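Reproduced below: query17.txt, with compact mmCIF, C-alpha atoms and all ligand atoms.
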# COMPACT_ATOMS: atom_id res chain seq x y z
CA MET A 170 -13.50 -20.34 27.73
CA SER A 171 -12.00 -16.91 28.38
CA ILE A 172 -14.04 -13.75 28.90
CA HIS A 173 -14.32 -12.91 25.19
CA ILE A 174 -13.55 -16.20 23.44
CA ALA A 175 -15.86 -19.20 23.66
CA ALA A 176 -13.36 -21.88 22.60
CA LYS A 177 -12.65 -24.89 24.75
CA GLN A 178 -9.03 -25.66 25.67
CA GLY A 179 -7.28 -27.25 22.70
CA GLU A 180 -9.60 -25.79 20.06
CA ILE A 181 -7.19 -23.01 19.10
CA ALA A 182 -3.86 -23.78 17.39
CA ASP A 183 -0.66 -22.33 18.82
CA LYS A 184 -0.22 -20.33 15.59
CA ILE A 185 -2.82 -17.74 14.61
CA LEU A 186 -3.47 -15.25 11.83
CA LEU A 187 -5.22 -12.08 13.01
CA PRO A 188 -7.13 -9.94 10.50
CA GLY A 189 -9.01 -6.98 11.97
CA ASP A 190 -12.26 -7.88 10.24
CA PRO A 191 -13.93 -11.06 11.51
CA LEU A 192 -15.49 -11.65 8.08
CA ARG A 193 -11.97 -11.76 6.67
CA ALA A 194 -11.21 -14.47 9.22
CA LYS A 195 -14.19 -16.39 7.82
CA PHE A 196 -13.00 -15.75 4.24
CA ILE A 197 -9.51 -17.03 5.07
CA ALA A 198 -10.91 -20.12 6.80
CA GLU A 199 -13.17 -20.90 3.84
CA ASN A 200 -10.62 -20.23 1.11
CA PHE A 201 -7.24 -21.18 2.56
CA LEU A 202 -7.79 -23.71 5.33
CA GLU A 203 -8.90 -27.33 5.20
CA ASP A 204 -11.41 -28.76 7.67
CA ALA A 205 -11.91 -25.37 9.32
CA VAL A 206 -14.08 -25.40 12.44
CA CYS A 207 -15.47 -22.24 14.02
CA PHE A 208 -14.40 -21.83 17.67
CA ASN A 209 -15.80 -18.39 18.44
CA GLU A 210 -18.90 -16.38 17.63
CA VAL A 211 -18.97 -14.16 20.73
CA ARG A 212 -19.58 -10.57 19.49
CA ASN A 213 -19.34 -11.99 15.95
CA MET A 214 -15.56 -12.03 16.37
CA PHE A 215 -15.30 -15.21 14.33
CA GLY A 216 -12.40 -17.58 14.91
CA TYR A 217 -11.58 -20.83 13.11
CA THR A 218 -9.07 -23.64 13.38
CA GLY A 219 -8.12 -25.81 10.43
CA THR A 220 -5.04 -26.94 8.57
CA TYR A 221 -2.85 -25.17 6.04
CA LYS A 222 -0.54 -27.46 4.07
CA GLY A 223 -0.97 -30.02 6.82
CA HIS A 224 -0.14 -27.63 9.68
CA ARG A 225 -2.76 -26.86 12.31
CA VAL A 226 -3.42 -23.09 12.32
CA SER A 227 -6.12 -20.72 13.53
CA VAL A 228 -7.47 -17.44 12.24
CA MET A 229 -9.52 -14.93 14.19
CA GLY A 230 -10.72 -11.31 13.89
CA THR A 231 -9.39 -8.74 16.36
CA GLY A 232 -11.59 -5.74 15.71
CA MET A 233 -10.09 -2.30 15.09
CA GLY A 234 -7.69 -0.50 17.37
CA MET A 235 -5.37 -1.36 20.22
CA PRO A 236 -7.97 -1.79 22.99
CA SER A 237 -9.73 -4.42 20.89
CA ILE A 238 -6.69 -6.37 19.67
CA SER A 239 -5.23 -6.25 23.22
CA ILE A 240 -8.22 -8.10 24.63
CA TYR A 241 -8.15 -10.88 22.03
CA ALA A 242 -4.38 -11.25 21.78
CA ARG A 243 -3.98 -11.42 25.56
CA GLU A 244 -6.65 -14.07 25.96
CA LEU A 245 -5.19 -16.06 23.06
CA ILE A 246 -1.73 -15.96 24.64
CA VAL A 247 -2.60 -16.31 28.33
CA ASP A 248 -5.73 -18.49 28.25
CA TYR A 249 -5.12 -20.52 25.08
CA ASP A 250 -1.33 -20.72 24.96
CA VAL A 251 -0.91 -19.25 21.48
CA LYS A 252 2.78 -18.81 20.71
CA ARG A 253 2.86 -17.19 17.27
CA LEU A 254 0.55 -14.33 16.24
CA ILE A 255 0.57 -12.62 12.85
CA ARG A 256 -1.60 -9.60 12.21
CA VAL A 257 -2.71 -9.19 8.59
CA GLY A 258 -4.31 -5.84 7.93
CA THR A 259 -4.29 -2.57 6.05
CA ALA A 260 -2.39 0.65 6.59
CA GLY A 261 -2.23 4.16 5.18
CA SER A 262 1.07 5.15 3.58
CA LEU A 263 3.07 7.99 5.16
CA SER A 264 5.87 7.75 2.61
CA GLN A 265 6.30 8.93 -0.98
CA ASP A 266 8.04 5.62 -1.65
CA VAL A 267 5.26 3.34 -0.36
CA HIS A 268 2.27 2.92 -2.65
CA VAL A 269 -1.18 1.36 -2.46
CA ARG A 270 -1.24 -2.45 -2.80
CA GLU A 271 2.40 -2.72 -1.64
CA LEU A 272 3.31 -4.69 1.43
CA VAL A 273 4.73 -3.29 4.66
CA LEU A 274 6.31 -5.58 7.23
CA ALA A 275 6.25 -3.72 10.52
CA GLN A 276 9.75 -4.13 11.91
CA ALA A 277 8.82 -1.73 14.73
CA ALA A 278 5.81 0.27 15.80
CA ALA A 279 5.75 3.82 17.19
CA THR A 280 2.56 4.76 18.97
CA ASN A 281 0.60 7.73 20.29
CA SER A 282 -1.32 5.39 22.59
CA ASN A 283 -1.01 5.42 26.37
CA ILE A 284 -1.22 1.66 26.76
CA ILE A 285 2.54 1.22 27.02
CA ARG A 286 3.21 4.59 28.66
CA ASN A 287 0.81 3.63 31.46
CA ASP A 288 3.08 0.73 32.37
CA TRP A 289 6.40 2.49 31.66
CA PRO A 290 5.95 6.23 32.24
CA MET A 291 9.71 6.91 32.33
CA TYR A 292 10.72 4.71 29.39
CA ASP A 293 10.19 4.60 25.65
CA PHE A 294 9.73 0.89 25.38
CA PRO A 295 10.52 -0.26 21.81
CA GLN A 296 7.75 -2.19 20.08
CA ILE A 297 9.50 -4.60 17.76
CA ALA A 298 8.52 -7.56 15.64
CA SER A 299 9.89 -11.05 16.06
CA PHE A 300 13.02 -10.99 13.90
CA ASN A 301 12.50 -14.65 13.05
CA LEU A 302 9.01 -13.98 11.64
CA LEU A 303 10.12 -10.76 9.97
CA ASP A 304 13.00 -12.49 8.22
CA LYS A 305 10.77 -15.37 7.08
CA ALA A 306 7.97 -13.09 5.88
CA TYR A 307 10.37 -10.89 3.95
CA HIS A 308 11.82 -13.77 1.96
CA ILE A 309 8.41 -15.38 1.40
CA ALA A 310 6.98 -12.08 0.11
CA LYS A 311 10.00 -11.46 -2.13
CA ASP A 312 9.73 -14.98 -3.55
CA LEU A 313 6.07 -14.27 -4.35
CA GLY A 314 7.26 -11.19 -6.27
CA MET A 315 5.56 -8.70 -3.99
CA ILE A 316 6.84 -5.16 -3.56
CA THR A 317 7.77 -5.35 0.10
CA HIS A 318 8.91 -2.62 2.48
CA VAL A 319 10.41 -3.29 5.90
CA GLY A 320 10.45 -0.54 8.52
CA SER A 321 8.52 1.14 11.26
CA VAL A 322 4.82 1.98 11.32
CA LEU A 323 2.76 4.29 13.49
CA SER A 324 0.11 2.50 15.54
CA SER A 325 -2.40 5.26 16.14
CA ASP A 326 -5.30 5.42 18.55
CA VAL A 327 -7.14 7.69 16.12
CA PHE A 328 -8.10 7.09 12.51
CA TYR A 329 -9.52 10.60 11.97
CA SER A 330 -6.49 12.28 13.47
CA ASN A 331 -6.10 15.98 14.25
CA PHE A 332 -2.36 15.43 14.01
CA TYR A 333 -2.11 15.03 10.26
CA GLU A 334 1.00 17.23 9.99
CA GLN A 335 2.85 15.34 12.73
CA ASN A 336 1.96 12.02 11.16
CA ILE A 337 3.26 13.21 7.79
CA LYS A 338 6.44 14.39 9.52
CA LEU A 339 6.92 10.91 10.96
CA GLY A 340 6.77 9.74 7.34
CA THR A 341 9.73 11.98 6.50
CA MET A 342 11.61 10.30 9.37
CA GLY A 343 11.19 6.83 7.95
CA VAL A 344 7.87 5.73 9.44
CA LEU A 345 6.36 3.97 6.46
CA ALA A 346 2.66 3.79 7.25
CA THR A 347 -0.05 4.26 9.84
CA GLU A 348 -2.33 1.58 11.23
CA MET A 349 -3.98 0.95 14.58
CA GLU A 350 -2.90 -2.36 16.17
CA ALA A 351 0.75 -3.44 15.80
CA ALA A 352 2.25 -1.68 18.86
CA ALA A 353 -0.21 -3.33 21.26
CA LEU A 354 0.37 -6.74 19.71
CA TYR A 355 4.16 -6.35 19.94
CA TYR A 356 3.90 -5.17 23.54
CA LEU A 357 1.82 -8.21 24.53
CA ALA A 358 4.26 -10.49 22.71
CA ALA A 359 7.15 -8.92 24.67
CA GLN A 360 5.30 -9.29 27.97
CA HIS A 361 4.60 -12.97 27.40
CA GLY A 362 7.64 -14.08 25.40
CA VAL A 363 5.81 -15.09 22.22
CA GLU A 364 6.39 -14.26 18.55
CA ALA A 365 4.43 -11.53 16.76
CA LEU A 366 4.52 -9.79 13.40
CA GLY A 367 2.34 -7.24 11.61
CA ILE A 368 1.95 -7.56 7.85
CA MET A 369 0.07 -4.72 6.21
CA THR A 370 -1.16 -3.99 2.73
CA ILE A 371 -1.28 -0.31 1.89
CA SER A 372 -4.95 0.54 1.30
CA ASP A 373 -4.62 4.33 1.05
CA SER A 374 -1.98 7.02 1.07
CA LEU A 375 -1.93 10.08 3.31
CA VAL A 376 0.81 11.64 1.18
CA ASN A 377 -0.73 10.80 -2.19
CA PRO A 378 -4.50 10.83 -1.56
CA ASP A 379 -5.16 10.31 -5.30
CA GLU A 380 -3.70 6.80 -5.26
CA ASP A 381 -6.55 4.41 -5.71
CA THR A 382 -7.25 0.70 -6.12
CA THR A 383 -10.00 -1.27 -7.80
CA ALA A 384 -11.89 -3.90 -5.84
CA GLU A 385 -10.21 -6.62 -7.93
CA GLU A 386 -6.72 -5.24 -7.24
CA ARG A 387 -7.48 -5.10 -3.54
CA GLN A 388 -8.65 -8.70 -3.59
CA THR A 389 -5.49 -9.89 -5.37
CA THR A 390 -3.24 -8.06 -2.94
CA PHE A 391 -5.26 -9.36 -0.01
CA THR A 392 -4.89 -12.92 -1.28
CA ASP A 393 -1.13 -12.50 -1.68
CA MET A 394 -0.83 -11.07 1.83
CA MET A 395 -2.72 -14.06 3.28
CA LYS A 396 -0.25 -16.38 1.54
CA VAL A 397 2.66 -14.49 3.13
CA GLY A 398 0.92 -14.63 6.51
CA LEU A 399 0.10 -18.33 6.34
CA GLU A 400 3.49 -19.40 4.96
CA THR A 401 5.23 -17.38 7.69
CA LEU A 402 2.92 -18.85 10.31
CA ILE A 403 3.88 -22.43 9.44
CA SER A 404 7.61 -21.72 8.93
CA GLU A 405 10.20 -23.39 11.15
CA SER A 406 10.96 -21.69 14.45
N1 LIG B 1 -4.88 5.32 9.27
C1 LIG B 1 -4.97 4.41 10.24
N2 LIG B 1 -5.22 3.14 10.01
C2 LIG B 1 -5.39 2.76 8.74
C3 LIG B 1 -5.32 3.66 7.68
C4 LIG B 1 -5.04 5.01 7.97
O1 LIG B 1 -4.96 5.86 7.07
N3 LIG B 1 -5.54 2.99 6.53
C5 LIG B 1 -5.76 1.71 6.88
N4 LIG B 1 -5.67 1.57 8.21

Now, as a test, write the supplied structure out as structure tokens.
Ligand code: HPA
Amino acid sequence: MSIHIAAKQGEIADKILLPGDPLRAKFIAENFLEDAVCFNEVRNMFGYTGTYKGHRVSVMGTGMGMPSISIYARELIVDYDVKRLIRVGTAGSLSQDVHVRELVLAQAAATNSNIIRNDWPMYDFPQIASFNLLDKAYHIAKDLGMITHVGSVLSSDVFYSNFYEQNIKLGTMGVLATEMEAAALYYLAAQHGVEALGIMTISDSLVNPDEDTTAEERQTTFTDMMKVGLETLISES
């Protein structure tokens, strides 16, 4: 086992779906996977391995924020040899053109975090998605009829930010939405030469705070996003 994951070698597939919420990992395992077996309960960060359409895949929670996803993603990559990681989560829209329930595929991630700056103080290292996964996910989502945006997101260290105006300004410069994990995941993928993608459903809008969703609408969108995530996960390299 690694420091934070109790799985034995071989219990985690080389392709993994990463929701922030561990109970969503459980939901995905119970509703989308066959023969799912739980491989981790440490800190209730549930992880499961099963099959999806005959392909062996895993799903595991990451917790919220870049420190948390960095711990799990690194151990999955370094200690368990995971090669393809897809984050499925929510994000707040920063754009007048991106509405709740719509899908954002994070082509790139800006960040206000120091995690990359610590390693590269003199560089602005670009956090980018795997083009292969991005391309696959885009076509899968379009085929499912989902309204799908491709562009950059802001991966923020703070949910309750004091920099509301700056974040909105990023929106006017083409940053579609704000979330809290993608940049760290992309950085780890770059460091270790593996594939990563962030797929986000818009759960709220910073530019149109009145936009709302019902629980049922959220569930439908969530289910569609999982299909995009799983189909992309099992797609050809
Ligand atoms: N900010 C940061 N992360 C988020 C948000 C948000 O507004 N909505 C969902 N995840």

Practice item. Using only C-alpha atoms, determine which residues lie at most 12 Å from Thr383 in chain A, disregarding the query and same-chain residues fewer than 3 positions distant; provide the list as a ChimeraX atom specification. Key: /A:269-270,372-373,380,386-390

Check your understanding: Near Tyr221 in chain A, within 9 Å and counting all atoms listed in the file, which residues show up once chain neighbours fewer than 3 positions away are dropped, as an MDAnalysis selection string?
Key -> chainID A and resid 201:203 224:226 399:400 403

Review point. How would you write, as a VMD selection string, the set of residues no farther than 9 Å from ligand LIG 1 (chain B) when counting only C-alpha atoms and all ligand atoms?
Key: chain A and resid 233 to 234 258 to 263 323 to 330 346 to 350 369 to 375

Practice item. Extract, using all atoms listed in the file, all DNA, RNA and protein residues at most 6 Å from range 363-367 of chain A, discarding same-chain residues fewer than 2 positions from it, and format them as a PyMOL selection string. Key: chain A and resi 252-256+275+298-299+351+358+361

Check your understanding: Of the candidates A:Asp204, A:Asp393, A:Glu334, A:Asp288, which one gets nearest to Glu271 in chain A if we count only C-alpha atoms?
Key ->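 Using only C-alpha atoms, Glu271 in chain A sits closest to A:Asp393.
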
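Distance annotation: of A:Ile174, A:Gln276, A:Glu244, A:Asn200, the residue with the minimal separation from Arg212 in chain A is A:Ile174; atom set is only C-alpha atoms.
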
Practice item. Find, counting only C-alpha atoms, the residue in A:Ala175, A:Leu354, A:Leu345, A:Ala359 that gets nearest to Val267 in chain A. Key: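 The answer is A:Leu345, which sits nearest to Val267 in chain A.
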
Check your understanding: So, counting only C-alpha atoms, which residue among A:Gly223, A:Gly314, A:Gly230, A:Gly216 is closest to Leu187 in chain A?
Key -> A:Gly230

Check your understanding: Which is closer to Lys338 in chain A than all the others in A:His268, A:Val376, A:His173, A:Leu303, using all atoms listed in the file?
Key ->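 Nearest candidate to Lys338 in chain A out of A:His268, A:Val376, A:His173, A:Leu303: A:Val376.
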
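Nearest-residue note for Ile309 in chain A: choosing from A:Pro236, A:Pro378, A:Gly362, A:Gly398, the minimum distance belongs to A:Gly398, counting all atoms listed in the file.
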
Check your understanding: When you draw a straight line from CA of Leu192 in chain A to CA of Phe215 in chain A, how long is it in Å?
Key ->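 Interatomic distance here is 7.2 Å.
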
Review point. Can you list, as a PyMOL selection string, every protein, DNA or RNA residue that comes within 9 Å of Ser171 in chain A when you count only C-alpha atoms, leaving out same-chain residues fewer than 5 positions away?
Key: chain A and resi 176-177+244-245+248-249

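When CA of Thr317 in chain A is paired with CA of Tyr241 in chain A, their separation reads 27.7 Å.
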